[in-house]
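Below is one structure; the comments refer to it alone.
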Amino acid sequence: MGIEGVNNRIADIQSRMIALQTQQATKAAKATNTSSATGATTASGASFATALADAMGTQSTGASAKSYTLNGKGIPTELAAYGNGKIPANALGKVGNTNHKLWAPAAESLNQMIADAKAQGVTIGITDSYRSYDEQVDVARRKGLYSQGGLAAKPGTSEHGWGMATDLDLNSKAQAWMRANGEKYGFSENVPREPWHWEYKPKTT
Ligand SMILES: [Zn+2]
């Protein structure tokens, strides 16, 4: 995590602290019994610690923070075992309420990223995601192969076939936001001349 990431994290935790303090203050004000000021402080302190632990622990408890072993081509071994374009439904996760699917940890991270961007007034749309082998054949037919100057990978080799890549619908503000923040969620812009194409990289062991 870069210094910007650390700063964002601190800002996030601080905002949670303020929210919690406000909540505790409201509760204390509403209390009808005559609890002592000391008691209120202790309760507040305990909840405060819990909230802080929650805030700090978010990234290590989510599935997206699990570590994976990659094969020589950078593909998680559990996905490589299925084969490109042959990922079973139970290994895929849904992106928001769309029909788009990605490898489950990538979908989870993307959903979090879209929500965080939205909270900052940035809209991230999605135009493509997991592609089965048959869908890759179809895309290659429509868009042409890279090797022939087109925009599609050879069927069976696309990052989309691993459920590890997504094509995003980004306006200029969202494109800038992605370039500044995508890495925090494991997404990087890795294909020249395709600023919409973002590849997910899981944490590795
Ligand atoms: Zn793509």
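Within each chain, counting starts at residue 1; across the structure tokens, chains are named A, B, ... in the order shown, with ligands numbered 1 upward in that order.
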
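Those residues that approach Pro195 in chain A to within 10 Å, counting only C-alpha atoms, are Asp167, Leu168, Asp169, Leu170, Gln175, Met178, Arg179, Ser188, Glu189, Asn190, Val191, Pro192, Arg193, His197 and Trp198 of chain A; same-chain residues fewer than 2 positions away are not listed.
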
### Message
I need the residues of range 74-133 of chain A that end up classed as strand (DSSP E) by DSSP on the backbone, written out as a PyMOL selection string.
### Response
chain A and resi 92-94+101-103+124-128

Using only N, CA, C and O atoms, please write the residues we just selected to a file, as a PDB file, in the first residue's frame.
```pdb
ATOM      1  N   LEU A  92     -17.545 -18.382  -9.480  1.00  0.00           N
ATOM      2  CA  LEU A  92     -17.741 -17.015  -9.973  1.00  0.00           C
ATOM      3  C   LEU A  92     -18.637 -16.236  -9.018  1.00  0.00           C
ATOM      4  O   LEU A  92     -19.447 -16.813  -8.303  1.00  0.00           O
ATOM      5  N   GLY A  93     -18.465 -14.919  -9.020  1.00  0.00           N
ATOM      6  CA  GLY A  93     -19.305 -14.046  -8.197  1.00  0.00           C
ATOM      7  C   GLY A  93     -19.923 -12.988  -9.079  1.00  0.00           C
ATOM      8  O   GLY A  93     -19.356 -12.596 -10.102  1.00  0.00           O
ATOM      9  N   LYS A  94     -21.090 -12.524  -8.664  1.00  0.00           N
ATOM     10  CA  LYS A  94     -21.840 -11.541  -9.445  1.00  0.00           C
ATOM     11  C   LYS A  94     -21.338 -10.126  -9.165  1.00  0.00           C
ATOM     12  O   LYS A  94     -20.988  -9.793  -8.040  1.00  0.00           O
ATOM     13  N   LYS A 101     -20.157 -11.486 -14.314  1.00  0.00           N
ATOM     14  CA  LYS A 101     -19.534 -12.338 -13.301  1.00  0.00           C
ATOM     15  C   LYS A 101     -18.026 -12.307 -13.456  1.00  0.00           C
ATOM     16  O   LYS A 101     -17.505 -12.176 -14.561  1.00  0.00           O
ATOM     17  N   LEU A 102     -17.345 -12.446 -12.321  1.00  0.00           N
ATOM     18  CA  LEU A 102     -15.889 -12.568 -12.296  1.00  0.00           C
ATOM     19  C   LEU A 102     -15.558 -13.685 -11.310  1.00  0.00           C
ATOM     20  O   LEU A 102     -16.424 -14.110 -10.534  1.00  0.00           O
ATOM     21  N   TRP A 103     -14.287 -14.127 -11.344  1.00  0.00           N
ATOM     22  CA  TRP A 103     -13.819 -15.038 -10.302  1.00  0.00           C
ATOM     23  C   TRP A 103     -14.236 -14.393  -8.960  1.00  0.00           C
ATOM     24  O   TRP A 103     -14.073 -13.170  -8.776  1.00  0.00           O
ATOM     25  N   ILE A 124     -18.584   4.071 -11.770  1.00  0.00           N
ATOM     26  CA  ILE A 124     -17.855   3.059 -12.533  1.00  0.00           C
ATOM     27  C   ILE A 124     -18.880   2.080 -13.097  1.00  0.00           C
ATOM     28  O   ILE A 124     -19.590   1.416 -12.352  1.00  0.00           O
ATOM     29  N   GLY A 125     -18.957   2.026 -14.438  1.00  0.00           N
ATOM     30  CA  GLY A 125     -19.853   1.072 -15.083  1.00  0.00           C
ATOM     31  C   GLY A 125     -19.059  -0.130 -15.553  1.00  0.00           C
ATOM     32  O   GLY A 125     -17.829  -0.115 -15.578  1.00  0.00           O
ATOM     33  N   ILE A 126     -19.767  -1.192 -15.914  1.00  0.00           N
ATOM     34  CA  ILE A 126     -19.078  -2.396 -16.382  1.00  0.00           C
ATOM     35  C   ILE A 126     -19.692  -2.842 -17.707  1.00  0.00           C
ATOM     36  O   ILE A 126     -20.907  -2.858 -17.855  1.00  0.00           O
ATOM     37  N   THR A 127     -18.821  -3.135 -18.674  1.00  0.00           N
ATOM     38  CA  THR A 127     -19.322  -3.554 -19.980  1.00  0.00           C
ATOM     39  C   THR A 127     -18.952  -4.998 -20.310  1.00  0.00           C
ATOM     40  O   THR A 127     -19.568  -5.600 -21.183  1.00  0.00           O
ATOM     41  N   ASP A 128     -17.944  -5.548 -19.636  1.00  0.00           N
ATOM     42  CA  ASP A 128     -17.601  -6.940 -19.914  1.00  0.00           C
ATOM     43  C   ASP A 128     -16.900  -7.554 -18.711  1.00  0.00           C
ATOM     44  O   ASP A 128     -16.335  -6.842 -17.873  1.00  0.00           O
TER      45      ASP A 128
END
```

Requested in this report: Determine, counting only C-alpha atoms, which protein, DNA and RNA residues have an atom within 10 Å of an atom of range 145-152 of chain A; residues of the same chain fewer than 6 positions away are not included. Present the result as a list of chain:residue names.
Outcome: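 Listing them by chain and then by number gives A:Gln136, A:Val137, A:Asp138, A:Val139, A:Ser158, A:Arg193, A:Glu194.
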
Store the residues picked out above, limited to C-alpha atoms, as a PDB file, in the first residue's frame.
```pdb
ATOM      1  CA  GLN A 136     -14.308 -15.782 -26.558  1.00  0.00           C
ATOM      2  CA  VAL A 137     -14.780 -17.445 -29.929  1.00  0.00           C
ATOM      3  CA  ASP A 138     -17.674 -15.076 -30.596  1.00  0.00           C
ATOM      4  CA  VAL A 139     -15.700 -11.962 -29.540  1.00  0.00           C
ATOM      5  CA  SER A 158      -8.081 -14.238 -22.729  1.00  0.00           C
ATOM      6  CA  ARG A 193      -4.576   1.189 -25.860  1.00  0.00           C
ATOM      7  CA  GLU A 194      -7.339  -0.435 -23.779  1.00  0.00           C
TER       8      GLU A 194
END
```

Discussion item. Nearest residue to Lys154 in chain A out of A:Asn71, A:Thr166, A:Asn84, A:Thr205, using only C-alpha atoms?
Written reply: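 Between A:Asn71, A:Thr166, A:Asn84, A:Thr205, the residue approaching Lys154 in chain A most closely is A:Asn84.
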
Could you give me, as a PyMOL selection string, the residues within 10 Å of Glu78 in chain A, counting only C-alpha atoms and dropping anything in the same chain fewer than 3 positions from it?
chain A and resi 68-71+75+81-83+87+91

Mind writing the picked residues with N, CA, C and O atoms as a PDB file, in the first residue's frame?
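Okay, result_0.pdb is ready:
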```
ATOM      1  N   TYR A  68      -3.382 -16.359  -2.558  1.00  0.00           N
ATOM      2  CA  TYR A  68      -3.509 -17.444  -3.523  1.00  0.00           C
ATOM      3  C   TYR A  68      -2.146 -17.807  -4.097  1.00  0.00           C
ATOM      4  O   TYR A  68      -1.249 -16.968  -4.162  1.00  0.00           O
ATOM      5  N   THR A  69      -2.029 -19.051  -4.525  1.00  0.00           N
ATOM      6  CA  THR A  69      -0.818 -19.487  -5.195  1.00  0.00           C
ATOM      7  C   THR A  69      -1.048 -19.345  -6.691  1.00  0.00           C
ATOM      8  O   THR A  69      -2.098 -19.748  -7.194  1.00  0.00           O
ATOM      9  N   LEU A  70      -0.089 -18.731  -7.379  1.00  0.00           N
ATOM     10  CA  LEU A  70      -0.224 -18.538  -8.820  1.00  0.00           C
ATOM     11  C   LEU A  70       0.659 -19.520  -9.577  1.00  0.00           C
ATOM     12  O   LEU A  70       1.723 -19.907  -9.093  1.00  0.00           O
ATOM     13  N   ASN A  71       0.214 -19.895 -10.762  1.00  0.00           N
ATOM     14  CA  ASN A  71       1.079 -20.738 -11.590  1.00  0.00           C
ATOM     15  C   ASN A  71       2.078 -19.846 -12.339  1.00  0.00           C
ATOM     16  O   ASN A  71       2.111 -18.623 -12.138  1.00  0.00           O
ATOM     17  N   ILE A  75      -1.686 -17.210 -13.044  1.00  0.00           N
ATOM     18  CA  ILE A  75      -3.082 -17.596 -12.834  1.00  0.00           C
ATOM     19  C   ILE A  75      -3.185 -18.378 -11.532  1.00  0.00           C
ATOM     20  O   ILE A  75      -2.387 -19.290 -11.282  1.00  0.00           O
ATOM     21  N   ALA A  81      -6.741 -25.043 -12.780  1.00  0.00           N
ATOM     22  CA  ALA A  81      -7.218 -26.427 -12.781  1.00  0.00           C
ATOM     23  C   ALA A  81      -8.519 -26.567 -13.585  1.00  0.00           C
ATOM     24  O   ALA A  81      -8.776 -27.614 -14.172  1.00  0.00           O
ATOM     25  N   TYR A  82      -9.325 -25.519 -13.606  1.00  0.00           N
ATOM     26  CA  TYR A  82     -10.583 -25.573 -14.370  1.00  0.00           C
ATOM     27  C   TYR A  82     -10.328 -25.395 -15.865  1.00  0.00           C
ATOM     28  O   TYR A  82     -10.957 -26.041 -16.692  1.00  0.00           O
ATOM     29  N   GLY A  83      -9.432 -24.477 -16.189  1.00  0.00           N
ATOM     30  CA  GLY A  83      -9.159 -24.167 -17.593  1.00  0.00           C
ATOM     31  C   GLY A  83      -9.816 -22.860 -18.002  1.00  0.00           C
ATOM     32  O   GLY A  83     -10.888 -22.506 -17.519  1.00  0.00           O
ATOM     33  N   ILE A  87     -14.586 -21.907 -16.170  1.00  0.00           N
ATOM     34  CA  ILE A  87     -14.721 -21.706 -14.725  1.00  0.00           C
ATOM     35  C   ILE A  87     -16.166 -22.033 -14.320  1.00  0.00           C
ATOM     36  O   ILE A  87     -17.108 -21.495 -14.900  1.00  0.00           O
ATOM     37  N   ALA A  91     -17.557 -20.895  -8.743  1.00  0.00           N
ATOM     38  CA  ALA A  91     -16.283 -20.195  -8.484  1.00  0.00           C
ATOM     39  C   ALA A  91     -16.385 -18.742  -8.925  1.00  0.00           C
ATOM     40  O   ALA A  91     -15.443 -17.967  -8.779  1.00  0.00           O
TER      41      ALA A  91
END
```

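As for CA of Lys203 in chain A and CA of Asp134 in chain A, they are spaced 29.2 Å apart.
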
Using only C-alpha atoms, the shortest atom-to-atom distance to Ser129 in chain A among A:Ala106, A:Ala176, A:Ala117, A:Leu79 belongs to A:Ala106

Write out as number ranges by chain each polymer residue whose atoms come within 6 Å of Ser132 in chain A, counting only C-alpha atoms; drop sequence neighbours fewer than 2 positions from it.
-> A: 85, 134-135, 161

Using the selection just defined, write its residues with all heavy atoms as a JSON list (two decimals), in the first residue's frame.
```json
[["chain", "number", "residue", "atom", "x", "y", "z"],
["A", 85, "GLY", "N", -11.93, -20.18, -19.65],
["A", 85, "GLY", "CA", -13.27, -20.22, -20.25],
["A", 85, "GLY", "C", -14.13, -21.36, -19.72],
["A", 85, "GLY", "O", -15.23, -21.58, -20.20],
["A", 134, "ASP", "N", -16.76, -20.29, -25.43],
["A", 134, "ASP", "CA", -17.64, -20.01, -26.57],
["A", 134, "ASP", "C", -17.80, -18.50, -26.80],
["A", 134, "ASP", "O", -17.82, -18.03, -27.93],
["A", 134, "ASP", "CB", -19.02, -20.64, -26.36],
["A", 134, "ASP", "CG", -18.97, -22.16, -26.52],
["A", 134, "ASP", "OD1", -17.93, -22.67, -27.00],
["A", 134, "ASP", "OD2", -19.95, -22.81, -26.16],
["A", 135, "GLU", "N", -17.91, -17.75, -25.70],
["A", 135, "GLU", "CA", -18.03, -16.29, -25.83],
["A", 135, "GLU", "C", -16.74, -15.68, -26.38],
["A", 135, "GLU", "O", -16.78, -14.71, -27.12],
["A", 135, "GLU", "CB", -18.38, -15.67, -24.47],
["A", 135, "GLU", "CG", -19.83, -15.92, -24.08],
["A", 135, "GLU", "CD", -20.11, -15.66, -22.61],
["A", 135, "GLU", "OE1", -19.16, -15.67, -21.79],
["A", 135, "GLU", "OE2", -21.29, -15.48, -22.28],
["A", 161, "GLY", "N", -11.26, -15.00, -19.82],
["A", 161, "GLY", "CA", -11.59, -16.42, -19.67],
["A", 161, "GLY", "C", -11.24, -16.97, -18.30],
["A", 161, "GLY", "O", -11.66, -18.06, -17.93]]
```

Let me make sure I understand: among A:Ala153, A:Ala140, A:Ala89, A:Val122, which one has the smallest atom-to-atom distance to Ala174 in chain A if we use only C-alpha atoms?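 Of all the options, A:Val122 lies closest to Ala174 in chain A.
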